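Here is the file start_18.cif (mmCIF, C-alpha atoms and all ligand atoms).
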```cif
data_query
#
loop_
_atom_site.label_atom_id
_atom_site.label_comp_id
_atom_site.auth_asym_id
_atom_site.auth_seq_id
_atom_site.Cartn_x
_atom_site.Cartn_y
_atom_site.Cartn_z
CA LEU A 157 -20.87 -9.54 -2.99
CA PRO A 158 -21.43 -12.07 -5.74
CA ASN A 159 -25.04 -12.07 -6.86
CA HIS A 160 -27.32 -14.42 -5.02
CA THR A 161 -26.97 -17.35 -7.38
CA ALA A 162 -23.19 -17.39 -7.78
CA VAL A 163 -21.36 -20.48 -6.54
CA VAL A 164 -18.37 -19.85 -4.32
CA SER A 165 -15.92 -22.71 -4.07
CA HIS A 166 -12.72 -21.33 -2.82
CA ILE A 167 -11.61 -18.45 -0.55
CA ALA A 168 -8.16 -17.14 0.34
CA VAL A 169 -7.41 -14.47 2.93
CA ASP A 170 -4.19 -12.58 3.65
CA ILE A 171 -4.42 -10.99 7.09
CA GLY A 172 -1.75 -8.35 7.58
CA GLY A 173 -0.98 -5.83 10.30
CA THR A 174 -3.40 -3.29 8.84
CA LEU A 175 -5.63 -4.91 6.22
CA ALA A 176 -7.19 -8.29 5.65
CA LYS A 177 -7.33 -9.02 1.93
CA LEU A 178 -9.86 -11.55 0.67
CA VAL A 179 -9.96 -13.25 -2.73
CA TYR A 180 -12.66 -15.69 -3.77
CA PHE A 181 -13.76 -17.47 -6.86
CA SER A 182 -17.37 -17.47 -7.99
CA ARG A 183 -19.25 -18.65 -11.03
CA GLU A 184 -22.82 -18.76 -12.24
CA PRO A 185 -24.25 -22.23 -11.53
CA HIS A 186 -26.11 -22.55 -14.83
CA SER A 187 -23.59 -20.81 -16.96
CA ALA A 188 -22.36 -22.72 -19.99
CA GLU A 189 -18.96 -21.09 -19.63
CA PRO A 190 -16.33 -23.10 -17.79
CA GLY A 191 -14.72 -20.12 -16.06
CA GLY A 192 -15.86 -17.82 -13.31
CA ARG A 193 -14.56 -14.71 -11.70
CA LEU A 194 -12.05 -13.79 -9.08
CA ASN A 195 -13.37 -11.27 -6.56
CA PHE A 196 -11.28 -8.94 -4.40
CA ILE A 197 -12.28 -7.25 -1.16
CA SER A 198 -10.42 -5.93 1.89
CA PHE A 199 -11.23 -5.15 5.52
CA GLU A 200 -9.34 -3.40 8.27
CA THR A 201 -7.63 -6.04 10.39
CA ASP A 202 -9.04 -4.30 13.47
CA ARG A 203 -12.44 -5.30 12.14
CA ILE A 204 -11.52 -8.89 11.49
CA ASP A 205 -14.97 -9.98 12.72
CA GLU A 206 -16.57 -8.31 9.70
CA CYS A 207 -14.17 -10.15 7.45
CA ILE A 208 -14.95 -13.49 9.08
CA GLU A 209 -18.67 -12.76 8.88
CA PHE A 210 -18.28 -12.05 5.17
CA MET A 211 -16.53 -15.39 4.78
CA ARG A 212 -19.32 -17.09 6.71
CA ASN A 213 -21.86 -15.67 4.27
CA LEU A 214 -19.83 -17.00 1.38
CA LYS A 215 -19.81 -20.37 3.06
CA ARG A 216 -23.59 -20.34 3.51
CA LYS A 217 -23.99 -19.57 -0.16
CA HIS A 218 -21.63 -22.38 -1.01
CA GLN A 219 -23.56 -24.85 1.12
CA ARG A 220 -26.93 -23.80 -0.19
CA LEU A 221 -25.90 -24.17 -3.80
CA ASN A 222 -23.91 -27.33 -3.32
CA GLY A 223 -26.49 -28.96 -1.14
CA GLY A 224 -28.79 -29.87 -4.01
CA GLY A 225 -30.83 -26.68 -4.08
CA SER A 226 -31.96 -25.05 -7.25
CA ASN A 227 -30.87 -27.66 -9.77
CA GLY A 228 -31.94 -30.60 -7.65
CA ARG A 229 -28.59 -32.38 -7.84
CA ALA A 230 -26.89 -33.72 -4.75
CA SER A 231 -23.68 -32.25 -3.48
CA PRO A 232 -20.80 -33.67 -5.51
CA PRO A 233 -18.01 -35.34 -3.56
CA GLY A 234 -15.10 -33.13 -2.55
CA SER A 235 -17.12 -29.98 -2.77
CA ASP A 236 -16.23 -28.64 0.67
CA LEU A 237 -15.45 -24.98 0.78
CA CYS A 238 -11.72 -24.49 0.75
CA VAL A 239 -10.26 -21.71 2.92
CA MET A 240 -6.62 -20.73 2.54
CA ALA A 241 -5.00 -18.19 4.88
CA THR A 242 -1.72 -16.34 4.99
CA GLY A 243 -0.14 -13.31 6.72
CA GLY A 244 0.38 -12.93 10.45
CA GLY A 245 -3.35 -13.01 11.07
CA ALA A 246 -3.52 -16.53 9.69
CA TYR A 247 -1.82 -17.49 12.97
CA LYS A 248 -3.31 -14.89 15.27
CA TYR A 249 -6.91 -15.56 14.19
CA TYR A 250 -6.57 -19.20 13.18
CA ASP A 251 -8.81 -20.64 15.90
CA LYS A 252 -11.40 -17.95 15.48
CA ILE A 253 -11.73 -18.45 11.73
CA ARG A 254 -11.94 -22.22 12.09
CA ASP A 255 -14.51 -22.04 14.86
CA VAL A 256 -16.76 -19.51 13.16
CA LEU A 257 -16.60 -21.09 9.71
CA GLY A 258 -16.49 -24.68 10.86
CA VAL A 259 -14.10 -25.64 8.08
CA ASP A 260 -10.46 -26.54 7.92
CA VAL A 261 -8.19 -23.59 7.27
CA ILE A 262 -4.96 -24.21 5.40
CA ARG A 263 -2.13 -21.86 6.32
CA GLU A 264 0.55 -20.82 3.88
CA ASP A 265 3.80 -18.92 4.20
CA GLU A 266 3.38 -15.20 3.61
CA MET A 267 6.50 -14.47 1.53
CA GLU A 268 5.97 -17.52 -0.64
CA CYS A 269 2.38 -16.46 -1.28
CA LEU A 270 3.53 -12.98 -2.25
CA ILE A 271 5.81 -14.20 -5.00
CA ILE A 272 3.42 -16.89 -6.22
CA GLY A 273 0.76 -14.20 -6.54
CA LEU A 274 3.12 -11.83 -8.28
CA ASP A 275 4.45 -14.52 -10.64
CA PHE A 276 0.88 -15.33 -11.62
CA PHE A 277 0.12 -11.69 -12.40
CA ILE A 278 3.37 -11.20 -14.33
CA THR A 279 3.27 -14.38 -16.36
CA GLU A 280 -0.43 -14.90 -17.02
CA ILE A 281 -2.58 -11.82 -16.70
CA PRO A 282 -2.79 -9.26 -19.47
CA ARG A 283 -3.50 -5.63 -18.50
CA GLU A 284 -2.28 -6.19 -14.96
CA VAL A 285 1.36 -5.07 -14.83
CA PHE A 286 2.18 -1.53 -15.92
CA THR A 287 4.83 1.15 -15.88
CA TYR A 288 4.08 4.67 -14.73
CA SER A 289 5.05 7.99 -16.21
CA GLU A 290 3.26 11.31 -16.08
CA ALA A 291 2.76 11.18 -19.84
CA ASN A 292 1.42 7.62 -19.68
CA PRO A 293 0.20 6.74 -16.18
CA MET A 294 -0.76 3.15 -17.03
CA HIS A 295 1.35 1.64 -19.74
CA PHE A 296 0.54 -2.08 -19.64
CA VAL A 297 3.25 -4.61 -20.34
CA GLU A 298 2.62 -7.99 -21.93
CA PRO A 299 2.75 -11.08 -19.72
CA SER A 300 6.30 -12.33 -19.62
CA GLU A 301 7.32 -16.01 -19.68
CA ASN A 302 10.61 -15.58 -17.92
CA PRO A 303 10.69 -12.49 -15.71
CA TYR A 304 13.56 -13.68 -13.47
CA PRO A 305 15.52 -12.45 -11.69
CA TYR A 306 13.62 -9.50 -10.25
CA LEU A 307 13.16 -7.48 -7.08
CA LEU A 308 9.79 -7.34 -5.30
CA VAL A 309 9.28 -4.38 -3.02
CA ASN A 310 6.19 -5.04 -0.94
CA ILE A 311 4.95 -1.90 0.79
CA GLY A 312 2.40 -2.84 3.42
CA SER A 313 2.46 -1.62 7.02
CA GLY A 314 6.21 -2.25 6.83
CA VAL A 315 8.34 -2.88 3.75
CA SER A 316 10.00 -6.10 2.52
CA PHE A 317 12.54 -6.43 -0.28
CA LEU A 318 12.56 -9.86 -1.92
CA LYS A 319 14.98 -11.09 -4.51
CA VAL A 320 13.22 -13.57 -6.78
CA SER A 321 15.46 -15.82 -8.89
CA GLY A 322 12.96 -18.30 -10.29
CA PRO A 323 9.51 -19.76 -9.65
CA ARG A 324 9.20 -20.14 -5.86
CA GLU A 325 12.86 -19.31 -5.51
CA TYR A 326 13.32 -16.21 -3.38
CA GLN A 327 15.19 -14.58 -0.54
CA ARG A 328 14.13 -11.69 1.69
CA VAL A 329 17.12 -9.39 1.29
CA GLY A 330 15.98 -6.44 3.35
CA GLY A 331 13.25 -4.38 4.90
CA THR A 332 12.41 -1.06 6.46
CA SER A 333 9.90 -0.17 9.15
CA LEU A 334 9.27 3.19 7.48
CA GLY A 335 6.33 2.06 5.38
CA GLY A 336 2.62 2.40 4.86
CA GLY A 337 1.84 2.14 8.55
CA THR A 338 4.20 5.05 9.19
CA LEU A 339 2.42 7.29 6.71
CA TRP A 340 -0.97 6.28 8.00
CA GLY A 341 -0.03 6.72 11.66
CA LEU A 342 1.83 10.01 11.36
CA LEU A 343 -0.71 11.64 9.08
CA GLY A 344 -3.41 10.57 11.53
CA LEU A 345 -1.52 12.45 14.24
CA LEU A 346 -0.59 15.46 12.15
CA THR A 347 -3.64 16.16 10.03
CA GLY A 348 -6.67 14.74 11.79
CA ALA A 349 -7.60 12.89 8.58
CA ARG A 350 -9.08 9.53 9.46
CA THR A 351 -9.12 7.29 6.44
CA PHE A 352 -6.19 6.46 4.22
CA ASP A 353 -8.01 7.67 1.14
CA GLU A 354 -8.74 10.99 2.83
CA MET A 355 -4.98 11.33 3.38
CA LEU A 356 -4.20 10.58 -0.26
CA GLU A 357 -6.84 13.07 -1.32
CA LEU A 358 -5.24 15.70 0.92
CA ALA A 359 -1.78 14.87 -0.42
CA SER A 360 -2.97 15.40 -3.98
CA LYS A 361 -3.84 19.02 -3.10
CA GLY A 362 -0.71 19.82 -1.11
CA ASP A 363 2.47 21.74 -1.87
CA ASN A 364 5.50 20.14 -0.25
CA SER A 365 7.66 23.23 -0.72
CA LYS A 366 5.74 24.83 2.16
CA VAL A 367 7.36 22.44 4.65
CA ASP A 368 10.27 20.75 2.86
CA MET A 369 13.63 22.48 2.60
CA LEU A 370 14.48 22.43 -1.09
CA VAL A 371 17.84 22.75 -2.79
CA GLY A 372 16.58 26.13 -4.05
CA ASP A 373 15.95 27.29 -0.48
CA ILE A 374 19.60 26.68 0.32
CA TYR A 375 21.32 27.66 -2.90
CA GLY A 376 18.80 30.17 -4.16
CA THR A 377 19.11 28.29 -7.46
CA ASP A 378 19.76 24.73 -8.62
CA TYR A 379 22.99 22.88 -7.89
CA SER A 380 23.50 21.60 -11.39
CA LYS A 381 27.10 20.53 -10.84
CA ILE A 382 25.91 17.48 -8.88
CA GLY A 383 22.63 17.15 -10.75
CA LEU A 384 20.27 18.66 -8.21
CA LYS A 385 17.36 20.76 -9.38
CA SER A 386 16.21 23.69 -7.28
CA THR A 387 13.01 21.72 -6.54
CA THR A 388 14.92 18.67 -5.23
CA ILE A 389 14.06 18.01 -1.59
CA ALA A 390 17.16 18.59 0.54
CA SER A 391 15.44 17.98 3.86
CA SER A 392 11.94 16.61 4.35
CA PHE A 393 10.07 18.90 6.77
CA GLY A 394 13.31 20.86 7.05
CA LYS A 395 11.58 24.20 6.70
CA ILE A 396 9.43 23.81 9.78
CA ALA A 397 12.24 24.06 12.32
CA ARG A 398 13.61 27.11 10.55
CA MET A 399 10.23 28.83 10.56
CA LYS A 400 9.85 28.01 14.22
CA ARG A 401 13.25 29.43 15.14
CA LEU A 402 12.63 32.58 13.14
CA ALA A 403 9.36 33.13 14.91
CA GLU A 404 11.01 32.57 18.29
CA ARG A 405 13.68 35.11 17.48
CA GLU A 406 11.04 37.62 16.45
CA ALA A 407 9.30 37.07 19.75
CA GLU A 408 12.57 37.54 21.63
CA ASP A 409 13.36 40.73 19.73
CA SER A 410 9.97 42.18 20.42
CA GLY A 411 10.96 41.76 24.03
CA GLY A 412 10.15 40.42 27.41
CA LEU A 413 9.61 36.67 27.04
CA ARG A 414 11.81 34.36 29.03
CA HIS A 415 13.02 31.39 27.07
CA ARG A 416 10.85 28.82 28.75
CA ASP A 417 7.76 30.85 27.96
CA LEU A 418 8.48 30.95 24.30
CA HIS A 419 5.83 29.40 22.20
CA HIS A 420 5.82 29.44 18.51
CA PRO A 421 2.62 31.14 17.41
CA HIS A 422 2.09 28.31 14.94
CA PHE A 423 2.06 25.76 17.71
CA GLU A 424 -0.29 27.28 20.21
CA LYS A 425 -3.05 25.37 21.96
CA SER A 426 -5.46 25.05 19.10
CA ASP A 427 -2.81 23.44 16.94
CA ASN A 428 -4.83 20.43 15.98
CA GLU A 429 -7.95 22.45 15.39
CA GLN A 430 -6.06 24.76 13.11
CA LEU A 431 -4.85 21.85 11.07
CA LEU A 432 -8.32 20.46 10.85
CA ASP A 433 -9.51 23.83 9.59
CA SER A 434 -6.75 24.04 7.05
CA GLN A 435 -7.77 20.61 5.82
CA HIS A 436 -11.00 22.15 4.75
CA HIS A 437 -9.08 24.93 3.08
CA GLN A 438 -10.09 27.66 5.43
CA PRO A 439 -7.50 30.37 5.51
CA ASP A 440 -5.16 30.03 8.42
CA ARG A 441 -3.47 33.27 9.35
CA SER A 442 -0.93 31.95 11.83
CA ARG A 443 0.32 28.93 9.91
CA PRO A 444 1.92 29.13 6.50
CA TYR A 445 1.27 25.49 5.64
CA SER A 446 -1.76 23.23 5.57
CA ALA A 447 -2.63 19.64 6.39
CA ALA A 448 -2.46 18.99 2.65
CA ASP A 449 1.15 20.27 2.49
CA ILE A 450 2.13 18.01 5.39
CA SER A 451 0.42 15.04 3.73
CA VAL A 452 2.25 15.34 0.45
CA ALA A 453 5.59 16.01 2.17
CA LEU A 454 5.31 12.85 4.24
CA LEU A 455 4.12 10.83 1.26
CA TYR A 456 7.20 12.01 -0.66
CA ALA A 457 9.53 11.35 2.29
CA ILE A 458 8.38 7.75 2.70
CA SER A 459 8.19 6.99 -1.02
CA ASN A 460 11.56 8.55 -1.83
CA ASN A 461 13.17 6.59 0.95
CA ILE A 462 11.69 3.32 -0.27
CA GLY A 463 12.64 4.15 -3.86
CA GLN A 464 16.23 4.81 -2.83
CA ILE A 465 16.52 1.57 -0.84
CA ALA A 466 14.90 -0.35 -3.71
CA PHE A 467 17.49 1.01 -6.10
CA LEU A 468 20.37 0.10 -3.77
CA GLN A 469 19.02 -3.42 -3.27
CA SER A 470 18.67 -3.82 -7.00
CA GLN A 471 22.30 -2.72 -7.42
CA ILE A 472 23.61 -5.10 -4.76
CA HIS A 473 21.75 -8.03 -6.29
CA ASN A 474 22.10 -7.03 -9.91
CA LEU A 475 18.38 -6.82 -10.71
CA ASN A 476 16.91 -4.58 -13.40
CA HIS A 477 13.20 -5.24 -12.94
CA ILE A 478 11.63 -3.85 -9.79
CA TYR A 479 8.01 -4.66 -8.95
CA PHE A 480 6.20 -2.60 -6.33
CA GLY A 481 3.31 -4.26 -4.46
CA GLY A 482 1.33 -3.72 -1.26
CA SER A 483 -1.73 -1.66 -0.40
CA PHE A 484 0.34 1.46 0.36
CA ILE A 485 0.51 2.22 -3.38
CA ARG A 486 -3.22 2.07 -3.94
CA GLY A 487 -2.83 3.27 -7.52
CA HIS A 488 -2.01 6.75 -6.24
CA PRO A 489 -0.23 8.80 -8.95
CA GLN A 490 2.03 10.79 -6.59
CA THR A 491 3.26 7.58 -4.96
CA MET A 492 3.92 5.77 -8.25
CA ASN A 493 5.52 8.85 -9.76
CA THR A 494 7.93 9.18 -6.83
CA LEU A 495 8.91 5.51 -6.83
CA SER A 496 9.22 5.39 -10.58
CA TYR A 497 11.24 8.59 -10.74
CA ALA A 498 13.58 7.38 -8.00
CA ILE A 499 14.37 4.17 -9.91
CA LYS A 500 14.83 5.97 -13.21
CA PHE A 501 16.92 8.76 -11.69
CA TRP A 502 19.31 6.63 -9.66
CA SER A 503 19.75 3.97 -12.35
CA LYS A 504 20.15 6.62 -15.06
CA GLY A 505 17.32 4.99 -16.93
CA ALA A 506 18.77 1.45 -16.81
CA LYS A 507 16.15 0.02 -14.43
CA GLN A 508 12.40 0.02 -14.55
CA ALA A 509 9.71 0.21 -11.85
CA TYR A 510 6.58 -1.90 -12.42
CA PHE A 511 3.21 -1.61 -10.70
CA LEU A 512 0.13 -3.82 -10.56
CA ARG A 513 -3.58 -3.14 -10.72
CA HIS A 514 -4.18 -5.54 -7.84
CA GLU A 515 -1.07 -4.51 -5.93
CA GLY A 516 -2.59 -5.19 -2.50
CA TYR A 517 -3.65 -8.76 -3.29
CA LEU A 518 -0.39 -10.52 -4.17
CA GLY A 519 -0.35 -12.60 -0.98
CA ALA A 520 -4.05 -13.44 -1.10
CA VAL A 521 -3.83 -14.53 -4.75
CA GLY A 522 -0.73 -16.58 -3.96
CA ALA A 523 -2.55 -18.37 -1.14
CA PHE A 524 -5.52 -18.89 -3.44
CA LEU A 525 -3.29 -20.55 -6.03
CA LYS A 526 -1.61 -22.81 -3.48
CA ARG A 527 -4.70 -24.92 -2.99
CA GLN A 528 -3.96 -28.54 -3.69
CA PRO A 529 -6.32 -29.91 -6.33
P1 LIG A 601 -0.37 -5.37 5.72
O1 LIG A 601 -0.35 -6.73 5.10
O2 LIG A 601 0.80 -5.07 6.58
O3 LIG A 601 -1.68 -5.03 6.36
P2 LIG A 601 -1.00 -3.96 3.24
O4 LIG A 601 -0.30 -4.38 2.00
O5 LIG A 601 -2.41 -4.36 3.39
O6 LIG A 601 -0.13 -4.38 4.49
O7 LIG A 601 -0.85 -2.38 3.33
C1 LIG A 601 -1.25 -1.64 4.47
C2 LIG A 601 -1.00 -0.19 4.17
O8 LIG A 601 -1.78 0.21 3.06
C3 LIG A 601 -1.38 0.77 5.27
O9 LIG A 601 -0.34 0.92 6.20
C4 LIG A 601 -1.67 2.05 4.51
O10 LIG A 601 -0.48 2.73 4.24
C5 LIG A 601 -2.21 1.54 3.18
N1 LIG A 601 -3.68 1.50 3.03
C6 LIG A 601 -4.31 1.41 1.84
N2 LIG A 601 -5.64 1.38 2.00
C7 LIG A 601 -5.89 1.46 3.31
C8 LIG A 601 -7.07 1.48 4.11
N3 LIG A 601 -8.29 1.43 3.56
N4 LIG A 601 -6.93 1.53 5.44
C9 LIG A 601 -5.71 1.57 5.98
N5 LIG A 601 -4.58 1.58 5.29
C10 LIG A 601 -4.63 1.52 3.97
#
```

Show the structure stored in the file as structure tokens.
Amino acid sequence: LPNHTAVVSHIAVDIGGTLAKLVYFSREPHSAEPGGRLNFISFETDRIDECIEFMRNLKRKHQRLNGGGSNGRASPPGSDLCVMATGGGAYKYYDKIRDVLGVDVIREDEMECLIIGLDFFITEIPREVFTYSEANPMHFVEPSENPYPYLLVNIGSGVSFLKVSGPREYQRVGGTSLGGGTLWGLLGLLTGARTFDEMLELASKGDNSKVDMLVGDIYGTDYSKIGLKSTTIASSFGKIARMKRLAEREAEDSGGLRHRDLHHPHFEKSDNEQLLDSQHHQPDRSRPYSAADISVALLYAISNNIGQIAFLQSQIHNLNHIYFGGSFIRGHPQTMNTLSYAIKFWSKGAKQAYFLRHEGYLGAVGAFLKRQP
């Protein structure tokens, strides 16, 4: 929250399938400086009421300070709080926001907001856009006057690929439903972890080779002739089925069980409990992999897939600069490393992946900037 004296004049909200992202401008009323600050906060869309309540508090603050309070001046003309909204929720919750806030809400197109927000970050904000490598995880690039054409890959609940040819000139060229919502949903089912950050934390401790079938598992070595290292993932989660079949065969050999009675010892009743235990790193005798291993394997599967599609889209449309946005990334090193590596690997170093410090707020910033003066 801005401190109690800050003046809030302008709010923008981007309400997506999973998160509602809020951006607002505040400044100190008696400050001699002309500028102020942009504030960023997000809420789960399922708790949209909390988000609207937060906006209502901002509005109260705005009214109090514009209504001739501390400095004794009357409210200047045209000082109404401006609320911009984008994303699907700008439609779904339109009436609710208007009723609760009692102000006009201006709706803006989601894709347009995304690229306006991204353009602003790329062209104007220093220390915002960066490239990732393990040696240098945050190598900032200077603002660029003419970044076009480029590809924007926005990884939210789902994924959109946008070709951007100039300011406000764009086309949605593709998408995939295997996105952030997929990771969040499946890891919720598989690991018992509840928050997204808990899942990322788990992933950072996992070893994907426990569940993924690697080139080395198949060849016993690397397959250098076609450029595959022994650690390259041949099949995400491909080891699990093999382990399960082996265990079934063992059970058959040791006699007596009819096929329909066969249960893999790893998948007995307390399956979920076992995973929850393994999350807390308690030894698990019957299962050779942990919730952490599953988390990193799924994170790799989703990110590799998106990286591969991003590369193909960039080939089709002849684009060398690829910007990754959306809250899925969340500054997580494993995610950025996978995406970055995919682009570098497939393009043989010709194309570059870029990330943003405020990756989740492109749409909200775009809506914020669309306010008519
Ligand atoms: P949308 O606009 O579709 O809501 P976002 O860009 O906000 O998309 O990204 C949502 C995705 O971000 C989720 O599916 C999840 O992968 C990830 N994520 C990051 N932080 C959180 C969080 N606190 N809660 C839920 N998901 C989160």

Between CA of Trp340 (chain A) and CA of Lys395 (chain A), distance in Å (one decimal): 21.9 Å

For region 279-293 of chain A: contacts at 6 Å, all atoms listed in the file, fewer than 6 positions along chain excluded, given as a list in words: Pro299, Ser300, Glu301, Tyr510, Phe511, Leu512 and Arg513 of chain A

Interatomic distance (Å, one decimal) between atom O7 of ligand LIG 601 (chain A) and CA of Lys500 (chain A): 24.3 Å

Nearest-residue call for ligand LIG 601 (chain A), choices A:Gly322, A:Gly191, A:Gly372, A:Gly344, using all atoms listed in the file: A:Gly344

Which of A:Gly273, A:Gly348, A:Gly172, A:Gly243 sits closest to ligand LIG 601 (chain A) [using only C-alpha atoms and all ligand atoms]: A:Gly172

Protein and nucleic residues near ligand LIG 601 (chain A), 10 Å, all atoms listed in the file, as JSON, numbers by chain: {"A": [170, 171, 172, 173, 174, 175, 176, 177, 198, 199, 200, 201, 242, 243, 244, 245, 266, 310, 311, 312, 313, 314, 315, 334, 335, 336, 337, 338, 339, 340, 341, 350, 351, 352, 353, 354, 355, 356, 455, 481, 482, 483, 484, 485, 486, 487, 488, 515, 516, 517, 518, 519, 520]}

Would you list the residues near (12.8, -13.2, -5.1), meaning any protein, DNA or RNA residue with an atom at most 12 Å from that point in file coordinates, counting all atoms listed in the file, as a PDB file with C-alpha atoms, keeping the file's coordinate frame?
```pdb
ATOM      1  CA  MET A 267       6.500 -14.470   1.530  1.00  0.00           C
ATOM      2  CA  GLU A 268       5.970 -17.520  -0.640  1.00  0.00           C
ATOM      3  CA  CYS A 269       2.380 -16.460  -1.280  1.00  0.00           C
ATOM      4  CA  LEU A 270       3.530 -12.980  -2.250  1.00  0.00           C
ATOM      5  CA  ILE A 271       5.810 -14.200  -5.000  1.00  0.00           C
ATOM      6  CA  ILE A 272       3.420 -16.890  -6.220  1.00  0.00           C
ATOM      7  CA  LEU A 274       3.120 -11.830  -8.280  1.00  0.00           C
ATOM      8  CA  ASP A 275       4.450 -14.520 -10.640  1.00  0.00           C
ATOM      9  CA  PRO A 303      10.690 -12.490 -15.710  1.00  0.00           C
ATOM     10  CA  TYR A 304      13.560 -13.680 -13.470  1.00  0.00           C
ATOM     11  CA  PRO A 305      15.520 -12.450 -11.690  1.00  0.00           C
ATOM     12  CA  TYR A 306      13.620  -9.500 -10.250  1.00  0.00           C
ATOM     13  CA  LEU A 307      13.160  -7.480  -7.080  1.00  0.00           C
ATOM     14  CA  LEU A 308       9.790  -7.340  -5.300  1.00  0.00           C
ATOM     15  CA  VAL A 309       9.280  -4.380  -3.020  1.00  0.00           C
ATOM     16  CA  ASN A 310       6.190  -5.040  -0.940  1.00  0.00           C
ATOM     17  CA  SER A 316      10.000  -6.100   2.520  1.00  0.00           C
ATOM     18  CA  PHE A 317      12.540  -6.430  -0.280  1.00  0.00           C
ATOM     19  CA  LEU A 318      12.560  -9.860  -1.920  1.00  0.00           C
ATOM     20  CA  LYS A 319      14.980 -11.090  -4.510  1.00  0.00           C
ATOM     21  CA  VAL A 320      13.220 -13.570  -6.780  1.00  0.00           C
ATOM     22  CA  SER A 321      15.460 -15.820  -8.890  1.00  0.00           C
ATOM     23  CA  GLY A 322      12.960 -18.300 -10.290  1.00  0.00           C
ATOM     24  CA  PRO A 323       9.510 -19.760  -9.650  1.00  0.00           C
ATOM     25  CA  ARG A 324       9.200 -20.140  -5.860  1.00  0.00           C
ATOM     26  CA  GLU A 325      12.860 -19.310  -5.510  1.00  0.00           C
ATOM     27  CA  TYR A 326      13.320 -16.210  -3.380  1.00  0.00           C
ATOM     28  CA  GLN A 327      15.190 -14.580  -0.540  1.00  0.00           C
ATOM     29  CA  ARG A 328      14.130 -11.690   1.690  1.00  0.00           C
ATOM     30  CA  VAL A 329      17.120  -9.390   1.290  1.00  0.00           C
ATOM     31  CA  GLY A 330      15.980  -6.440   3.350  1.00  0.00           C
ATOM     32  CA  GLN A 469      19.020  -3.420  -3.270  1.00  0.00           C
ATOM     33  CA  SER A 470      18.670  -3.820  -7.000  1.00  0.00           C
ATOM     34  CA  HIS A 473      21.750  -8.030  -6.290  1.00  0.00           C
ATOM     35  CA  LEU A 475      18.380  -6.820 -10.710  1.00  0.00           C
ATOM     36  CA  HIS A 477      13.200  -5.240 -12.940  1.00  0.00           C
ATOM     37  CA  ILE A 478      11.630  -3.850  -9.790  1.00  0.00           C
ATOM     38  CA  TYR A 479       8.010  -4.660  -8.950  1.00  0.00           C
TER      39      TYR A 479
END
```

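The point (14.2, 5.6, 3.4) has these residues within 12 Å of it, counting all atoms listed in the file: Gly314, Val315, Gly331, Thr332, Ser333, Leu334, Gly335, Thr338, Ser392, Leu454, Leu455, Tyr456, Ala457, Ile458, Ser459, Asn460, Asn461, Ile462, Gly463, Gln464, Ile465, Ala466, Phe467, Leu468, Leu495 and Ala498 of chain A.
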
Atomic separation - CA of Phe277 (chain A) relative to CA of His295 (chain A), Å: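 Taking CA of His295 (chain A) as the start and CA of Phe277 (chain A) as the end point, the length is 15.3 Å.
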
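Each of A:Ile450, A:Ala509, A:Ala403, A:Val256 was compared to Ser496 (chain A) using all atoms listed in the file, and A:Ala509 turns out to be the nearest.
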
Using all atoms listed in the file: which of A:Leu346, A:Ile253, A:Val521, A:Leu358 has the shortest distance to Phe210 (chain A):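 The closest residue to Phe210 (chain A) is A:Ile253.
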
Distance query Asn213 (chain A) at most 12 Å, only C-alpha atoms, self and fewer than 2 positions along chain excluded, as a short mmCIF file (atom, residue, chain, number, x, y, z; two decimals) with C-alpha atoms, in the frame of the given file:
```
data_model
loop_
_atom_site.label_atom_id
_atom_site.label_comp_id
_atom_site.auth_asym_id
_atom_site.auth_seq_id
_atom_site.Cartn_x
_atom_site.Cartn_y
_atom_site.Cartn_z
CA LEU A 157 -20.87 -9.54 -2.99
CA PRO A 158 -21.43 -12.07 -5.74
CA HIS A 160 -27.32 -14.42 -5.02
CA VAL A 163 -21.36 -20.48 -6.54
CA VAL A 164 -18.37 -19.85 -4.32
CA ILE A 167 -11.61 -18.45 -0.55
CA GLU A 206 -16.57 -8.31 9.70
CA CYS A 207 -14.17 -10.15 7.45
CA ILE A 208 -14.95 -13.49 9.08
CA GLU A 209 -18.67 -12.76 8.88
CA PHE A 210 -18.28 -12.05 5.17
CA MET A 211 -16.53 -15.39 4.78
CA LYS A 215 -19.81 -20.37 3.06
CA ARG A 216 -23.59 -20.34 3.51
CA LYS A 217 -23.99 -19.57 -0.16
CA HIS A 218 -21.63 -22.38 -1.01
CA GLN A 219 -23.56 -24.85 1.12
CA ARG A 220 -26.93 -23.80 -0.19
CA LEU A 237 -15.45 -24.98 0.78
CA VAL A 256 -16.76 -19.51 13.16
CA LEU A 257 -16.60 -21.09 9.71
#
```
